[in-house]
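> My questions all concern the structure below.
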Amino acid sequence: MKKILLTFMTLFAGNLLIASNSITLTPDAVSGKDAMIVDYLPTNNLGTHPDLQANAWTFSPTPGVLRSLIQFDYSSLPNGAVITSAYLSLFESVGSNSGDHSTTSGSNEAWLQRVTSNWDETTVTWAKQPSNTTTNEITLPASTSANQNYPNIDVTLLVQDMVSSGNNYGFMLRLVTEQHYRRLNFASSDNSNSALHPSLVINYTLPITCFTLQPDPKAGEDAIIIDIQGTSNFGTHPDLQANAWTFSPTPGVVRSLLKFDYSAIPANAIIDSALLSLYESVGSGSGDHSQQSGSNEAWVQRVTGPWSELTVNWSTQPSTTTDNDVTLPASTSANENYLDIDVKNLVEDMINSDNYGFMIRLVTEQHYRRLNFASSDNANAALHPSLKICYNDVTGIVENKIPFEQLISLYPNPANDKLFIEANGLDVTQINIYNTTGNLVNQIKQLQNKSVGISELSSGIYIAEIVSKEASTRKKFMKM
């Protein structure tokens, strides 16, 4: 888009507004990332366990301590999002072989702490557990019943820390006092009951920037076109009319064209609102608004073809579309201003395709009816057409390096006969497929059409290790 010329137009920097948004994350067995770690089995991985425990117990008869890790994918949060609140819900693991919550030896209150280093649910163990911090940790109070759920735990500060630092490694759940016999036992994303999966609701805001375009005669691009003067140009007329009248005494129809320069809007912006204001052309030689023969309601339509205010005329008028057109109601007085006309959809259409501006025309072009507004060439600058646009720029605010694991995608998931691997230009050298107990069940040295045959696998959850020259990553998938 061309650079905006502030010399030739008034650009009012608007106040900063806020757009509120919310996402809910409830991962399933395929997309979830959580695991338990056990001190008495320090090298065992429990990345597909149905429970998330904060537990200290004896295990026939070895004493042991269990902690849990859980990480949510924040990639659906747009760059620049400001976290206003975040609530985590954990549900008791109904029917778990490990038992319910327990306070046999004392309080089972627990901490939710922010993890500060990377971990992989398919390989993490007690011996390789990630680091964590007590900063902004949350205390879960002792359970009051064996089957208690813990809904809407306020983890706002923890999520804010993860998002603001750019390092989201998730949460660790651990007992405050890791002394036998005490236990909290929640369902993980691998639990067979999907209604019990951990859930995180994040509310966030995006800054909205507003500015108003009110072009002067040099920057303004508007014109009227008249059917009885089909080859005449009126690109510097002080009025913008939607008019059907007789002109000594020939009947004629007048329409108007109006275009604003949107180059001040970032390429990735999302339009929040667009409000057009048109002002009655006070003292115009063409007269005020009129409904002598009936309603002077009019349409504001999107122009779909190019035009120049220096050459356009009725014979060369551009094409228009009725898509998302806006109806201006009949005037209630001869000097009425039309303020804050909602043209958001029209502006979005212009930005998403081509910006050729607006056409204003009567719904019924029958004499004698008229709307008469001031153009950008009007001597009174306060009456020039204005367009207030509010937008938020949800991408491109921060340029982040994409982690390797996000460059690799598997689809479809669940899959039946074939699993396709999209590597985004990376050179994949090997695929290793493991079952949930960690046993290698298949190894593929070469991809065929970016796919791997899995028809011989039994139904269930598997882990695909994708190896490239740059790095490797593991991703879960479900075989139907």
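Lettering and numbering for the structure tokens are positional, with chains as A, B, ... in the shown order, residues counted from 1 in each chain, and ligands counted from 1 in the shown order.
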With 10 Å as the cut-off and only C-alpha atoms counted, what is the closest atom pair between each nearby residue of range 88-126 of chain A and range 188-203 of chain A? Distances in Å to one decimal, ordered by chain and number, as a tab-separated table.


```
residue	atom	partner	partner_atom	distance
A:Leu88	CA	A:Leu200	CA	4.5
A:Ser89	CA	A:Ser199	CA	5.2
A:Leu90	CA	A:Pro198	CA	5.1
A:Phe91	CA	A:Leu196	CA	5.4
A:Glu92	CA	A:Leu196	CA	7.4
A:Ser93	CA	A:Leu196	CA	7.2
A:Val94	CA	A:Leu196	CA	8.5
A:Ser96	CA	A:Asn191	CA	9.5
```

> Limited to C-alpha atoms, could you put the picked residues into a file as a PDB file, in the first residue's frame?


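What landed in again_36.pdb:
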```
ATOM      1  CA  LEU A  88      -7.387 -24.007  35.252  1.00  0.00           C
ATOM      2  CA  SER A  89      -9.860 -26.788  36.061  1.00  0.00           C
ATOM      3  CA  LEU A  90      -8.705 -30.198  37.297  1.00  0.00           C
ATOM      4  CA  PHE A  91     -11.083 -33.115  37.793  1.00  0.00           C
ATOM      5  CA  GLU A  92     -10.723 -36.030  40.186  1.00  0.00           C
ATOM      6  CA  SER A  93      -9.736 -39.204  38.335  1.00  0.00           C
ATOM      7  CA  VAL A  94     -12.911 -41.180  38.867  1.00  0.00           C
ATOM      8  CA  SER A  96      -8.516 -44.608  39.067  1.00  0.00           C
TER       9      SER A  96
END
```

> Could you pull the residues within 6 Å of range 414-429 of chain A, counting only C-alpha atoms, minus those fewer than 6 positions along the same chain, as a VMD selection string?

chain A and resid 408 450 to 455 467 to 468 478 to 480

> Just the number, please: distance in Å from CA of Ala127 in chain A to CA of Met36 in chain A, one decimal.

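Going from CA of Ala127 in chain A over to CA of Met36 in chain A, I get 12.1 Å.
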
> Determine which residues of range 50-114 of chain A DSSP labels as strand (DSSP E) from the backbone of this structure, then write them out as a ChimeraX atom specification.

/A:51-59,62-71,82-90,110-114
